[in-house]
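> One structure is given below, represented as structure tokens, and several questions about it will come after.
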Amino acid sequence: MSESFYLFSDGELKRKDNVLRMTAPDGNFKDIKVNMTRDIYLFGEVSLNTKTLNYAGQLSLPIHIFNYYGFYTGSFYPKETNVSGNLLVEQVNHYTNEEQRLIIAKEFIEAASYNILRNLRYYNERERDLESSISEIKGLRNEIKRTSDIHSLMGVEGSIRKVYYNCWTSIINQEVDFEKRVKRPPDNMVNTLISFVNSLVYTSCLTEIYVTQLNPTISYLHSPGERRFSLSLDISEIFKPLISDRIIFSVLNRNMITEKDFERDSNYYYLKDGGRKKVLKEYDECLNRTIKHKELGRNVSYRHLIRLECYKLIKHLIGDKKYEGFKIWW
Amino acid sequence: MRVTGTMFYYYFVCHRKLWCFINNISLEDESENVLLGKLLDENSYGREDKQILIDETVNIDFIKDWKILHEIRKSKSIEEASLWQVKYYIYFLQQRGIPIEKGIIDYPKIRQRKDVYLEERDLDKIKEIIEDINYIAEQKKSPVVIESKICKSCAYYEFCYI
């Protein structure tokens with residue numbers, strides 16, 4: 001029912017009666033139907049005033065902001081309206097108790113790596129010969145259970161990612177010089193895409209967490225208090241293989257995105273506006289894609305899977321049902 | 001704990017929903033039925049003063065001359081729960097010295113209404129329910145899923161069955 005708004009143009013975002021109106025410098029405007037809006041993404045150079053923010057706050061509408069290079073800057077995260085003291089206490093308890101924290105963190109990695117394997121198996125069946133990487137990751141997955149602290153769990157996770165990323169050059173049909181994951185700033189096409197799409201997944205998780213009673217700063221895998229909403233990072237981990245990685249493979253393999261969509265500016269390697277739009281369109285379509293949920297017997301969108309993940313986490317925290325991370329089942 | 005009308009209503013619908021509601025785990029916001037309910041509430045009985053919060057506890061749709069209170073409902077499903085909710089409102093106000101004569105449940109969509117009276121024999125049951133609600137609220141764990149056919153249309157469906 002509700003949708004995300006991605007605004008690319010420069011201009012002014014203002015409250016106009018009971019809508020938010022985006023006015024471009026040439027006077028063209030677009031009204032955002034606020035009742036239908038879930039969140040707003042700003043990519044252009046937009047001026048807005050406190051009246052706009054107050055209105056967005058009143059509507060519980062998060063605004064995600066990206067800089068000139070398409071890097072995620074931050075979110076306007078409206079005042080929490082859904083708070084549950086008891087749940088917060090449980091969320092903290094599960095963090096401070098190392099054993100309980102590890103149970104949840106392992107589940108994140110367990111599910112994320114399962115989903116990674118699904119991607120590899122898919123391409124292995126399409127003559128990419130990823131057999132040895134697959135068995136290597138399977139081996140590493142066995143170690144997840146045996147880890148006894150977050151630090152070594154992170155180590156296993158790192159090794160899995162390394163093997164996984166090594167497969168990317170054979171998965172991607174285009175000639176890419178992707179050797180390893182480099183952030184801040186990403187140094188090539190693939191790294192730039194990963195950074196961009198991952199930040200989108202992060203914001204979507206944040207939007208979904210916002211409507212639940214979970215506190216986004218208390219996380220289990222990533223350490224909280226790094227001045228980010230780290231629970232969002234935890235949950236994104238599970239969905240990155242399904243959403244980000246598949247989008248990246250698909251836009252590159254269909255030659256929708258090529259070197260021409262990037263620009264190098266001193267030490268930045270960034271997506272041009274056109275490329276960003278193409279990726280965002282794919283992203284939005286991906287999140288709206290639906291599948292029949294086997295437990296609920298209902299059609300749910302990929303985006304909604306993120307929300308369901310929050311519900312499962314809440315159930316775990318209140319002692320209702322043990323959390324099991326989402327694994328691609330189709 | 002202040003027992004609200006919603007709690008009374010949920011008590012008859014599902015104890016698990018009641019527990020979640022008391023623990024502020026509410027999932028109602030986006031459900032289409034809730035949106036419809038809100039619209040219905042905003043657009044019916046425009047001439048009356050609506051949503052009267054009494055003692056910061058019960059929120060009554062509207063009261064006529066402090067004698068008759070009204071509760072607006074979308075449909076007759078789970079009517080038993082609405083009935084007891086209204087009885088509780090009457091009880092609540094009578095306890096505070098407001099002699100409410102009767103309650104009316106309005107169904108503007110089907111143009112019907114139903115009178116509700118608080119009878120002598122209801123009093124014990126109301127007290128019992130209040131105690132029971134308090135008991136449920138104190139539980140650390142949530143009550144089990146009721147697996148009823150009404151779950152399908154509940155805003156908590158996904159939460160309970162995932």
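Every chain in the structure tokens takes a letter, A first, then B, and so on in the order presented; its residues are numbered from 1, and the ligands are numbered from 1 following the presented order.
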Give me, as a short mmCIF file (atom, residue, chain, number, x, y, z; two decimals) with all heavy atoms, in the first residue's frame, the residues of chain B touching chain A, with the criterion being at most 8 Å (counting only C-alpha atoms).

```cif
data_model
loop_
_atom_site.label_atom_id
_atom_site.label_comp_id
_atom_site.auth_asym_id
_atom_site.auth_seq_id
_atom_site.Cartn_x
_atom_site.Cartn_y
_atom_site.Cartn_z
N ASN B 23 1.91 -4.98 26.95
CA ASN B 23 3.37 -4.82 26.88
C ASN B 23 3.80 -3.88 25.75
O ASN B 23 4.96 -3.89 25.34
CB ASN B 23 4.04 -6.17 26.71
CG ASN B 23 4.11 -6.90 28.04
OD1 ASN B 23 4.90 -6.55 28.91
ND2 ASN B 23 3.25 -7.89 28.21
N ASN B 24 2.85 -3.13 25.25
CA ASN B 24 3.13 -2.14 24.19
C ASN B 24 3.68 -2.72 22.91
O ASN B 24 4.36 -2.04 22.15
CB ASN B 24 4.10 -1.08 24.69
CG ASN B 24 3.41 -0.10 25.61
OD1 ASN B 24 2.30 0.35 25.31
ND2 ASN B 24 4.01 0.17 26.73
N ILE B 25 3.45 -4.01 22.70
CA ILE B 25 3.83 -4.55 21.41
C ILE B 25 2.58 -4.47 20.54
O ILE B 25 1.77 -5.37 20.50
CB ILE B 25 4.34 -6.00 21.55
CG1 ILE B 25 5.59 -5.99 22.42
CG2 ILE B 25 4.64 -6.61 20.18
CD1 ILE B 25 6.09 -7.35 22.81
N SER B 26 2.43 -3.31 19.92
CA SER B 26 1.22 -3.14 19.13
C SER B 26 1.59 -3.16 17.66
O SER B 26 2.59 -2.59 17.25
CB SER B 26 0.53 -1.84 19.49
OG SER B 26 1.35 -0.76 19.16
N LEU B 27 0.82 -3.83 16.89
CA LEU B 27 1.15 -3.98 15.48
C LEU B 27 0.02 -3.47 14.62
O LEU B 27 -0.10 -3.79 13.46
CB LEU B 27 1.40 -5.47 15.17
CG LEU B 27 2.41 -6.15 16.06
CD1 LEU B 27 2.30 -7.64 15.95
CD2 LEU B 27 3.79 -5.69 15.71
N LYS B 141 5.65 -14.38 30.37
CA LYS B 141 5.54 -14.91 29.01
C LYS B 141 4.17 -14.66 28.42
O LYS B 141 3.17 -14.59 29.14
CB LYS B 141 5.83 -16.42 29.03
CG LYS B 141 7.30 -16.73 29.11
CD LYS B 141 7.60 -18.07 28.46
CE LYS B 141 9.10 -18.23 28.32
NZ LYS B 141 9.49 -19.49 27.76
N SER B 142 4.15 -14.56 27.11
CA SER B 142 2.87 -14.30 26.46
C SER B 142 2.01 -15.55 26.43
O SER B 142 2.52 -16.66 26.32
CB SER B 142 3.12 -13.83 25.03
OG SER B 142 3.83 -14.82 24.33
N GLU B 158 0.57 -12.18 11.56
CA GLU B 158 1.94 -12.51 11.13
C GLU B 158 2.87 -12.66 12.32
O GLU B 158 3.74 -13.51 12.33
CB GLU B 158 2.47 -11.43 10.19
CG GLU B 158 1.70 -11.44 8.89
CD GLU B 158 2.17 -10.39 7.93
OE1 GLU B 158 2.79 -9.41 8.38
OE2 GLU B 158 1.93 -10.54 6.73
N PHE B 159 2.65 -11.81 13.31
CA PHE B 159 3.48 -11.90 14.51
C PHE B 159 3.30 -13.26 15.19
O PHE B 159 4.27 -13.89 15.59
CB PHE B 159 3.11 -10.76 15.47
CG PHE B 159 3.88 -10.80 16.75
CD1 PHE B 159 5.20 -10.38 16.80
CD2 PHE B 159 3.28 -11.25 17.92
CE1 PHE B 159 5.91 -10.42 17.97
CE2 PHE B 159 3.99 -11.28 19.11
CZ PHE B 159 5.30 -10.87 19.14
N TYR B 161 2.03 -16.15 13.91
CA TYR B 161 2.18 -17.38 13.14
C TYR B 161 3.50 -17.52 12.38
O TYR B 161 3.72 -18.50 11.71
CB TYR B 161 0.99 -17.55 12.19
CG TYR B 161 -0.28 -17.87 12.94
CD1 TYR B 161 -1.10 -16.87 13.42
CD2 TYR B 161 -0.63 -19.19 13.22
CE1 TYR B 161 -2.25 -17.16 14.15
CE2 TYR B 161 -1.77 -19.50 13.93
CZ TYR B 161 -2.58 -18.48 14.39
OH TYR B 161 -3.71 -18.78 15.10
N ILE B 162 4.37 -16.52 12.50
CA ILE B 162 5.65 -16.62 11.80
C ILE B 162 6.57 -17.56 12.58
O ILE B 162 6.59 -17.56 13.78
CB ILE B 162 6.32 -15.23 11.64
CG1 ILE B 162 7.64 -15.32 10.87
CG2 ILE B 162 6.58 -14.55 12.96
CD1 ILE B 162 7.49 -15.28 9.40
#
```
> So that I can see what lies close to region 104-113 of chain B, please list as a list of chain:residue names the residues with an atom at most 8 Å from it, counting only C-alpha atoms and leaving out residues fewer than 6 positions away in the same chain.
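Here the qualifying residues turn out to be B:Ser44, B:Ile68, B:Leu69, B:His70, B:Glu71, B:Ile72, B:Arg73, B:Lys74, B:Ser75, B:Lys76, B:Ser82, B:Leu83, B:Val86.
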> Go ahead and write the residues just picked, N, CA, C and O atoms, as a PDB file, in the first residue's frame.

```
ATOM      1  N   SER B  44     -18.028   9.761  11.184  1.00  0.00           N
ATOM      2  CA  SER B  44     -19.410   9.582  11.612  1.00  0.00           C
ATOM      3  C   SER B  44     -19.677  10.416  12.860  1.00  0.00           C
ATOM      4  O   SER B  44     -18.778  10.717  13.635  1.00  0.00           O
ATOM      5  N   ILE B  68     -26.112   8.676  28.280  1.00  0.00           N
ATOM      6  CA  ILE B  68     -26.001   7.547  27.355  1.00  0.00           C
ATOM      7  C   ILE B  68     -24.648   7.610  26.671  1.00  0.00           C
ATOM      8  O   ILE B  68     -24.252   8.656  26.143  1.00  0.00           O
ATOM      9  N   LEU B  69     -23.928   6.516  26.737  1.00  0.00           N
ATOM     10  CA  LEU B  69     -22.640   6.536  26.046  1.00  0.00           C
ATOM     11  C   LEU B  69     -22.684   5.682  24.791  1.00  0.00           C
ATOM     12  O   LEU B  69     -23.455   4.731  24.695  1.00  0.00           O
ATOM     13  N   HIS B  70     -21.882   6.087  23.847  1.00  0.00           N
ATOM     14  CA  HIS B  70     -21.896   5.418  22.546  1.00  0.00           C
ATOM     15  C   HIS B  70     -20.547   4.814  22.208  1.00  0.00           C
ATOM     16  O   HIS B  70     -19.506   5.379  22.507  1.00  0.00           O
ATOM     17  N   GLU B  71     -20.606   3.707  21.556  1.00  0.00           N
ATOM     18  CA  GLU B  71     -19.397   3.072  21.052  1.00  0.00           C
ATOM     19  C   GLU B  71     -19.654   2.788  19.573  1.00  0.00           C
ATOM     20  O   GLU B  71     -20.667   2.200  19.210  1.00  0.00           O
ATOM     21  N   ILE B  72     -18.720   3.233  18.737  1.00  0.00           N
ATOM     22  CA  ILE B  72     -18.924   3.063  17.295  1.00  0.00           C
ATOM     23  C   ILE B  72     -18.133   1.857  16.807  1.00  0.00           C
ATOM     24  O   ILE B  72     -16.971   1.698  17.128  1.00  0.00           O
ATOM     25  N   ARG B  73     -18.793   1.024  16.064  1.00  0.00           N
ATOM     26  CA  ARG B  73     -18.139  -0.203  15.578  1.00  0.00           C
ATOM     27  C   ARG B  73     -18.326  -0.352  14.083  1.00  0.00           C
ATOM     28  O   ARG B  73     -19.349   0.047  13.532  1.00  0.00           O
ATOM     29  N   LYS B  74     -17.343  -0.989  13.492  1.00  0.00           N
ATOM     30  CA  LYS B  74     -17.395  -1.189  12.044  1.00  0.00           C
ATOM     31  C   LYS B  74     -18.331  -2.342  11.697  1.00  0.00           C
ATOM     32  O   LYS B  74     -19.137  -2.244  10.794  1.00  0.00           O
ATOM     33  N   SER B  75     -18.191  -3.438  12.432  1.00  0.00           N
ATOM     34  CA  SER B  75     -19.042  -4.579  12.098  1.00  0.00           C
ATOM     35  C   SER B  75     -19.418  -5.340  13.367  1.00  0.00           C
ATOM     36  O   SER B  75     -18.930  -5.045  14.450  1.00  0.00           O
ATOM     37  N   LYS B  76     -20.298  -6.294  13.181  1.00  0.00           N
ATOM     38  CA  LYS B  76     -20.801  -7.017  14.348  1.00  0.00           C
ATOM     39  C   LYS B  76     -19.943  -8.204  14.759  1.00  0.00           C
ATOM     40  O   LYS B  76     -20.306  -8.948  15.664  1.00  0.00           O
ATOM     41  N   SER B  82     -17.502  -6.339  22.292  1.00  0.00           N
ATOM     42  CA  SER B  82     -17.956  -4.940  22.310  1.00  0.00           C
ATOM     43  C   SER B  82     -18.960  -4.724  23.436  1.00  0.00           C
ATOM     44  O   SER B  82     -18.944  -3.720  24.133  1.00  0.00           O
ATOM     45  N   LEU B  83     -19.832  -5.701  23.572  1.00  0.00           N
ATOM     46  CA  LEU B  83     -20.868  -5.643  24.594  1.00  0.00           C
ATOM     47  C   LEU B  83     -20.258  -5.464  25.980  1.00  0.00           C
ATOM     48  O   LEU B  83     -20.640  -4.580  26.750  1.00  0.00           O
ATOM     49  N   VAL B  86     -18.583  -2.070  26.558  1.00  0.00           N
ATOM     50  CA  VAL B  86     -19.519  -1.005  26.894  1.00  0.00           C
ATOM     51  C   VAL B  86     -20.027  -1.151  28.330  1.00  0.00           C
ATOM     52  O   VAL B  86     -20.140  -0.186  29.078  1.00  0.00           O
TER      53      VAL B  86
END
```
> Rank nothing, just name the residue among B:Val58, B:Tyr10, B:Lys102, B:Leu53 nearest to Glu79 (chain B), using only C-alpha atoms.
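Among B:Val58, B:Tyr10, B:Lys102, B:Leu53, it is B:Tyr10 that comes nearest to Glu79 (chain B).
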> Got a sec to tell me which of region 103-236 of chain A DSSP assigns to helix (DSSP H, G or I), as a ChimeraX atom specification?
/A:103-128,131-146,150-171,189-211,230-236
> Convert the current residue selection to file output with C-alpha atoms, as a short mmCIF file (atom, residue, chain, number, x, y, z; two decimals), in the first residue's frame.

```cif
data_model
loop_
_atom_site.label_atom_id
_atom_site.label_comp_id
_atom_site.auth_asym_id
_atom_site.auth_seq_id
_atom_site.Cartn_x
_atom_site.Cartn_y
_atom_site.Cartn_z
CA ILE A 103 22.85 -17.18 20.11
CA ILE A 104 21.29 -14.33 18.14
CA ALA A 105 24.53 -13.28 16.42
CA LYS A 106 25.17 -16.84 15.27
CA GLU A 107 21.71 -17.03 13.81
CA PHE A 108 22.44 -13.92 11.72
CA ILE A 109 25.63 -15.43 10.31
CA GLU A 110 24.05 -18.85 9.94
CA ALA A 111 21.28 -17.39 7.80
CA ALA A 112 23.46 -14.91 5.91
CA SER A 113 25.94 -17.60 4.91
CA TYR A 114 23.16 -19.96 3.94
CA ASN A 115 21.83 -17.28 1.62
CA ILE A 116 25.31 -16.72 0.25
CA LEU A 117 25.51 -20.43 -0.55
CA ARG A 118 22.19 -20.22 -2.33
CA ASN A 119 23.60 -17.55 -4.62
CA LEU A 120 26.71 -19.59 -5.32
CA ARG A 121 24.76 -22.74 -6.00
CA TYR A 122 22.58 -20.83 -8.46
CA TYR A 123 25.59 -19.72 -10.47
CA ASN A 124 27.33 -23.04 -10.09
CA GLU A 125 24.41 -24.59 -11.93
CA ARG A 126 25.04 -22.03 -14.65
CA GLU A 127 28.49 -23.31 -15.43
CA ARG A 128 30.58 -21.07 -13.25
CA GLU A 131 32.27 -26.16 -6.51
CA SER A 132 35.43 -25.68 -4.45
CA SER A 133 34.29 -22.34 -3.01
CA ILE A 134 30.96 -23.89 -2.11
CA SER A 135 32.54 -26.69 -0.17
CA GLU A 136 34.93 -24.27 1.46
CA ILE A 137 32.04 -22.14 2.69
CA LYS A 138 30.18 -25.23 3.83
CA GLY A 139 33.20 -26.12 5.92
CA LEU A 140 33.37 -22.63 7.37
CA ARG A 141 29.69 -22.75 8.19
CA ASN A 142 30.33 -25.76 10.41
CA GLU A 143 32.63 -23.62 12.47
CA ILE A 144 29.89 -21.13 13.26
CA LYS A 145 28.36 -23.44 15.84
CA ARG A 146 31.72 -23.97 17.49
CA ILE A 150 31.59 -12.72 18.98
CA HIS A 151 35.14 -12.01 17.93
CA SER A 152 35.80 -15.47 16.50
CA LEU A 153 32.31 -15.51 15.00
CA MET A 154 33.19 -12.31 13.15
CA GLY A 155 36.38 -14.04 12.03
CA VAL A 156 34.43 -16.92 10.49
CA GLU A 157 32.11 -14.45 8.87
CA GLY A 158 35.07 -12.60 7.39
CA SER A 159 36.51 -15.79 5.93
CA ILE A 160 33.16 -16.73 4.39
CA ARG A 161 32.86 -13.30 2.80
CA LYS A 162 36.39 -13.53 1.43
CA VAL A 163 35.69 -16.84 -0.31
CA TYR A 164 32.37 -15.48 -1.50
CA TYR A 165 33.80 -12.29 -2.96
CA ASN A 166 36.49 -14.29 -4.71
CA CYS A 167 33.75 -15.93 -6.75
CA TRP A 168 32.40 -12.66 -8.00
CA THR A 169 34.70 -12.25 -10.96
CA SER A 170 33.49 -15.57 -12.34
CA ILE A 171 29.85 -14.80 -11.59
CA MET A 189 32.75 -0.46 -10.12
CA VAL A 190 31.79 -3.49 -8.07
CA ASN A 191 32.83 -2.00 -4.76
CA THR A 192 30.92 1.14 -5.53
CA LEU A 193 27.83 -0.87 -6.36
CA ILE A 194 28.14 -2.93 -3.20
CA SER A 195 28.45 0.19 -1.09
CA PHE A 196 25.50 1.82 -2.75
CA VAL A 197 23.07 -1.09 -2.69
CA ASN A 198 24.08 -2.19 0.78
CA SER A 199 23.35 1.26 2.10
CA LEU A 200 19.91 1.00 0.54
CA VAL A 201 19.27 -2.30 2.27
CA TYR A 202 20.46 -0.74 5.48
CA THR A 203 17.97 2.11 5.18
CA SER A 204 15.12 -0.27 4.34
CA CYS A 205 15.90 -2.34 7.42
CA LEU A 206 15.94 0.85 9.44
CA THR A 207 12.53 1.87 8.11
CA GLU A 208 11.12 -1.55 9.00
CA ILE A 209 12.71 -1.55 12.46
CA TYR A 210 11.21 1.87 13.02
CA VAL A 211 7.65 0.61 12.79
CA SER A 230 23.67 -1.16 14.29
CA LEU A 231 20.66 -3.47 14.58
CA SER A 232 19.95 -2.38 11.05
CA LEU A 233 23.39 -3.66 10.05
CA ASP A 234 22.70 -6.98 11.77
CA ILE A 235 19.47 -7.54 9.91
CA SER A 236 20.86 -6.30 6.58
#
```
> How far is it from CA of Ile172 (chain A) to CA of His304 (chain A), in Å with one decimal?
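Atom-to-atom, CA of Ile172 (chain A) and CA of His304 (chain A) are spaced 28.3 Å apart.
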